[in-house]
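Data first, discussion second: the structure below is written as structure tokens.
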Amino acid sequence: MDVTPLMDRLIAGLDPEGDISNEVKHAMRAVPRHQFVPPIGLVSQKTSAYLIDRNADPHRWWNTVYSNEPIITQLSDGTTPVTEMDGGYTSSSSSPWTVANLLTLLDPDPGNHVLEVGTGTGWTSALLCHLVGRHGEVTSIEVDAAVAEQAAKNLAAAGAQPALLIGDGALGCPDRAPYDRVHVTCGVRSVPHAWVEQCRAGATIVLPFCPNFGTNHSLRLVVRPDRTAVGRFPGYASYMMMRSQRSSSHGRTTHPDKHHLTTYVDPRVIAYAPPGAHLAIAALTGLEANGRDLSDENGELYRLWLSDPSDSYSWLALDWRPGSSEYELYQVGDRPLWDEVLNAYFRWVSWGQPGRERFGMTVSPSGQQIWLDDPDRVVA
């Protein structure tokens, strides 16, 4: 099948403002996405989910593959077939816009040695191989053996030859270091210093920084000669979490220590706050947040959830309803989550409501620090 018209449409839609580099656009044309998408995949949107099947409905399959949709390729770490459409999303063919944006931030040069954390379907590995050329090297690590096996088949069929390893990408691969670039395709809330240690001075590390408080963020770091890395948050990115950094509070466990409270602060003030606020609140509290529109026997509502990612017994749900001036809050555990979030939000307001691009991060052997405007002005 001639995918040129579909490819043309995808590339045009990816970059209406000219943010994606020409090198990345050329790579996406040279390495077609369909070579890395399985015959059956799952597409999840805000209000619905559906399967794409290359044999049963080829028109829909091809059009989805050459759209900006992420395509789920694994559920619940492989314990549930994708066709059941029920389970946690644990591997995917990522949104082409996100892939192109992060590769543009990475900006690999011909001849570079790249470490990729998270092989997935193998598509990004193949794109990296094209970008670094025959004198470059790509080392890709995948934690899931079944995902790695399928990626190896996809890459071989596409003629790409990265070095493929199975293991914990948080450890990097010191045996193949040093690296000029590190490209991370899973969500990270704590940046492993191993990635910094295994880089040359001047190397670039690009990753989805996912504290999971509302909006998540892209992060671009540059490695310094003292084995620290420093950089900023240039925009949006959100990926499935690195398995070793998944939240333990995903299930929101019930507990005898329950509190029914009220607040006069509209929860949408927090939920709809701009990315800079979400980044600041996450840094100051370490909490996660998500929300959505719902309805029940009393009508429409918006529900905001807050949770401690390290404690499944510490969470709250807070409801907004039309016409209300006081809002019901159901809290599990003793930690005053709502008070902490409000304090962090109004600290951000007191700083002048800075945007995401004014924040940065420093990664060192002792951990990571988030700062505002200058590395000396540490926030958390």
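Letters A, B, ... go to the chains of the structure tokens in the order shown; residues in each chain start at 1; ligands are counted from 1 in the same order.
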- DSSP helix (DSSP H, G or I) residues within stretch 117-220 of chain A, listed as number ranges by chain: A: 123-132, 145-158, 169-171, 174-176, 193-197
Please, which residues in stretch 197-239 of chain A fall within 10 Å of stretch 372-377 of chain A when counting only C-alpha atoms, and what is the closest atom pair and distance in Å to one decimal for each, ordered by chain then residue number, as a Markdown table?
| residue | atom | partner | partner_atom | distance |
| --- | --- | --- | --- | --- |
| A:Val230 | CA | A:Pro375 | CA | 8.1 |
| A:Gly231 | CA | A:Pro375 | CA | 9.2 |
| A:Arg232 | CA | A:Asp373 | CA | 9.4 |
Show me, as a tab-separated table, the residues of stretch 227-274 of chain A having an atom within 9 Å of stretch 91-100 of chain A, each with the closest atom pair and its distance in Å, using only C-alpha atoms.
residue	atom	partner	partner_atom	distance
A:Tyr236	CA	A:Thr98	CA	8.5
A:Ala237	CA	A:Thr98	CA	6.6
A:Ser238	CA	A:Thr98	CA	8.3
A:Tyr239	CA	A:Ser94	CA	8.0
A:Met240	CA	A:Ser91	CA	7.3
Could you save those same residues with all heavy atoms as an mmCIF file, in the first residue's frame?
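So the final result, stored in result_13.cif, reads:
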data_model
loop_
_atom_site.group_PDB
_atom_site.id
_atom_site.type_symbol
_atom_site.label_atom_id
_atom_site.label_comp_id
_atom_site.auth_asym_id
_atom_site.auth_seq_id
_atom_site.Cartn_x
_atom_site.Cartn_y
_atom_site.Cartn_z
ATOM 1 N N TYR A 236 4.932 20.058 27.064
ATOM 2 C CA TYR A 236 4.106 18.946 27.556
ATOM 3 C C TYR A 236 4.655 17.609 27.071
ATOM 4 O O TYR A 236 5.096 17.474 25.933
ATOM 5 C CB TYR A 236 2.670 19.101 27.053
ATOM 6 C CG TYR A 236 1.809 17.877 27.265
ATOM 7 C CD1 TYR A 236 1.232 17.627 28.501
ATOM 8 C CD2 TYR A 236 1.597 16.966 26.240
ATOM 9 C CE1 TYR A 236 0.452 16.504 28.711
ATOM 10 C CE2 TYR A 236 0.814 15.837 26.431
ATOM 11 C CZ TYR A 236 0.247 15.611 27.671
ATOM 12 O OH TYR A 236 -0.516 14.491 27.874
ATOM 13 N N ALA A 237 4.591 16.606 27.927
ATOM 14 C CA ALA A 237 4.819 15.208 27.546
ATOM 15 C C ALA A 237 4.238 14.339 28.647
ATOM 16 O O ALA A 237 4.345 14.664 29.827
ATOM 17 C CB ALA A 237 6.297 14.895 27.363
ATOM 18 N N SER A 238 3.614 13.237 28.267
ATOM 19 C CA SER A 238 3.094 12.308 29.268
ATOM 20 C C SER A 238 3.150 10.898 28.699
ATOM 21 O O SER A 238 2.640 10.645 27.606
ATOM 22 C CB SER A 238 1.659 12.667 29.649
ATOM 23 O OG SER A 238 1.241 11.950 30.785
ATOM 24 N N TYR A 239 3.799 10.011 29.427
ATOM 25 C CA TYR A 239 3.961 8.617 29.009
ATOM 26 C C TYR A 239 3.529 7.693 30.146
ATOM 27 O O TYR A 239 3.381 8.128 31.304
ATOM 28 C CB TYR A 239 5.425 8.324 28.684
ATOM 29 C CG TYR A 239 5.852 8.625 27.266
ATOM 30 C CD1 TYR A 239 5.816 9.911 26.754
ATOM 31 C CD2 TYR A 239 6.301 7.612 26.436
ATOM 32 C CE1 TYR A 239 6.228 10.183 25.459
ATOM 33 C CE2 TYR A 239 6.715 7.872 25.132
ATOM 34 C CZ TYR A 239 6.675 9.157 24.654
ATOM 35 O OH TYR A 239 7.076 9.425 23.371
ATOM 36 N N MET A 240 3.346 6.430 29.829
ATOM 37 C CA MET A 240 3.137 5.421 30.863
ATOM 38 C C MET A 240 4.354 5.388 31.778
ATOM 39 O O MET A 240 5.489 5.502 31.318
ATOM 40 C CB MET A 240 2.922 4.047 30.226
ATOM 41 C CG MET A 240 1.691 3.981 29.344
ATOM 42 S SD MET A 240 1.671 2.483 28.329
ATOM 43 C CE MET A 240 0.274 2.851 27.257
#
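Distances to A:Leu51 were evaluated for A:Met85, A:Val65, A:Leu164, A:Ile370 using only C-alpha atoms, and the minimum falls at A:Met85.
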If we count only C-alpha atoms, what is near A:Gly13 at a cut-off of 9 Å, once residues fewer than 4 positions away on the same chain are taken out, given as a list in words?
Asp8, Arg9, Ser67, Asn68 and Trp97 of chain A
| said: So that I can check the surroundings of A:Arg134, please list as number ranges by chain every protein, DNA and RNA residue that reaches within 12 Å of it, counting only C-alpha atoms and ignoring chain neighbours fewer than 4 positions away. | reply: A: 109-113, 128-130, 138, 160-162
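Considering only C-alpha atoms, the residue among A:Leu337, A:Leu316, A:Ile72, A:Leu105 positioned nearest to A:Pro208 is A:Leu105.
Within 8 Å of stretch 263-277 of chain A there are Gly214, Thr215, Asn216, Ile281, Ala289, Asn290, Gly291, Tyr302, Leu304, Leu318, Asp319, Trp320, Ser325, Glu326, Tyr327, Glu328, Leu329, Tyr345, Trp348, Gln353, Pro354, Gly355, Arg356, Glu357 and Phe359 of chain A, counting only C-alpha atoms and ignoring same-chain residues fewer than 4 positions away.
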Requested in this report: Would you please give, as a count of residues only, all residues of stretch 43-282 of chain A that DSSP assigns to strand (DSSP E or B) based on the backbone?
Outcome: 74
Next on the checklist: Could you list, as a ChimeraX atom specification, every residue within 8 Å of stretch 36-39 of chain A, counting only C-alpha atoms and ignoring same-chain residues fewer than 6 positions away?
Outcome noted: /A:52-55,65,71,73,93,121-123,151,154-155
Take the residues that were just selected and, keeping N, CA and C atoms, output them as a PDB file, in the first residue's frame.
ATOM      1  N   ILE A  52      -8.768  -1.213  16.847  1.00  0.00           N
ATOM      2  CA  ILE A  52      -8.508  -1.149  15.409  1.00  0.00           C
ATOM      3  C   ILE A  52      -7.980  -2.514  14.982  1.00  0.00           C
ATOM      4  N   ASP A  53      -8.506  -3.030  13.868  1.00  0.00           N
ATOM      5  CA  ASP A  53      -8.181  -4.377  13.393  1.00  0.00           C
ATOM      6  C   ASP A  53      -7.834  -4.285  11.907  1.00  0.00           C
ATOM      7  N   ARG A  54      -6.586  -4.567  11.588  1.00  0.00           N
ATOM      8  CA  ARG A  54      -6.125  -4.413  10.198  1.00  0.00           C
ATOM      9  C   ARG A  54      -6.867  -5.325   9.251  1.00  0.00           C
ATOM     10  N   ASN A  55      -7.266  -6.506   9.691  1.00  0.00           N
ATOM     11  CA  ASN A  55      -7.962  -7.452   8.817  1.00  0.00           C
ATOM     12  C   ASN A  55      -9.454  -7.165   8.735  1.00  0.00           C
ATOM     13  N   VAL A  65      -3.415   4.555  12.335  1.00  0.00           N
ATOM     14  CA  VAL A  65      -1.952   4.465  12.428  1.00  0.00           C
ATOM     15  C   VAL A  65      -1.312   5.757  11.953  1.00  0.00           C
ATOM     16  N   ILE A  71      -1.536   4.346  20.313  1.00  0.00           N
ATOM     17  CA  ILE A  71      -2.209   3.059  20.133  1.00  0.00           C
ATOM     18  C   ILE A  71      -1.708   2.105  21.209  1.00  0.00           C
ATOM     19  N   THR A  73      -0.815  -1.170  22.968  1.00  0.00           N
ATOM     20  CA  THR A  73      -0.403  -2.479  22.457  1.00  0.00           C
ATOM     21  C   THR A  73      -0.298  -3.540  23.548  1.00  0.00           C
ATOM     22  N   SER A  93       2.218   2.273  21.102  1.00  0.00           N
ATOM     23  CA  SER A  93       2.875   3.070  20.064  1.00  0.00           C
ATOM     24  C   SER A  93       2.483   4.507  20.350  1.00  0.00           C
ATOM     25  N   THR A 121       7.430  -0.627  21.007  1.00  0.00           N
ATOM     26  CA  THR A 121       7.215  -1.317  19.735  1.00  0.00           C
ATOM     27  C   THR A 121       8.471  -1.348  18.874  1.00  0.00           C
ATOM     28  N   GLY A 122       9.448  -0.487  19.188  1.00  0.00           N
ATOM     29  CA  GLY A 122      10.670  -0.394  18.388  1.00  0.00           C
ATOM     30  C   GLY A 122      10.683   0.774  17.420  1.00  0.00           C
ATOM     31  N   TRP A 123       9.542   1.487  17.292  1.00  0.00           N
ATOM     32  CA  TRP A 123       9.487   2.561  16.306  1.00  0.00           C
ATOM     33  C   TRP A 123      10.497   3.667  16.608  1.00  0.00           C
ATOM     34  N   ALA A 151       9.416  -6.218  19.607  1.00  0.00           N
ATOM     35  CA  ALA A 151      10.165  -5.084  19.062  1.00  0.00           C
ATOM     36  C   ALA A 151      11.331  -5.556  18.208  1.00  0.00           C
ATOM     37  N   ASN A 154       9.974  -6.495  14.876  1.00  0.00           N
ATOM     38  CA  ASN A 154       9.605  -5.305  14.105  1.00  0.00           C
ATOM     39  C   ASN A 154      10.840  -4.616  13.532  1.00  0.00           C
ATOM     40  N   LEU A 155      11.858  -4.474  14.354  1.00  0.00           N
ATOM     41  CA  LEU A 155      13.080  -3.786  13.932  1.00  0.00           C
ATOM     42  C   LEU A 155      13.809  -4.562  12.838  1.00  0.00           C
TER      43      LEU A 155
END
Residue with the minimum atom-to-atom distance to A:Leu342, picked from A:Thr262, A:Thr285, A:Gln45, A:Ser190 with only C-alpha atoms counted, is A:Thr285
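Picture a line from atom CA of A:Ser218 to atom CA of A:Gly187; it runs 9.7 Å.
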* Polymer residues at most 6 Å from A:Met241, only C-alpha atoms, same-chain spacing of 2 or more positions, as a PyMOL selection string -> chain A and resi 186-187+243+246
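If you measure from each of A:Arg220, A:His135, A:Arg189, A:Arg347 to A:Leu284 using only C-alpha atoms, the closest one turns out to be A:Arg347.
Among the candidate residues A:Val43, A:Leu14, A:Tyr50, A:Ala145, the one lying nearest to A:Asp77 is A:Ala145, with distances computed using only C-alpha atoms.
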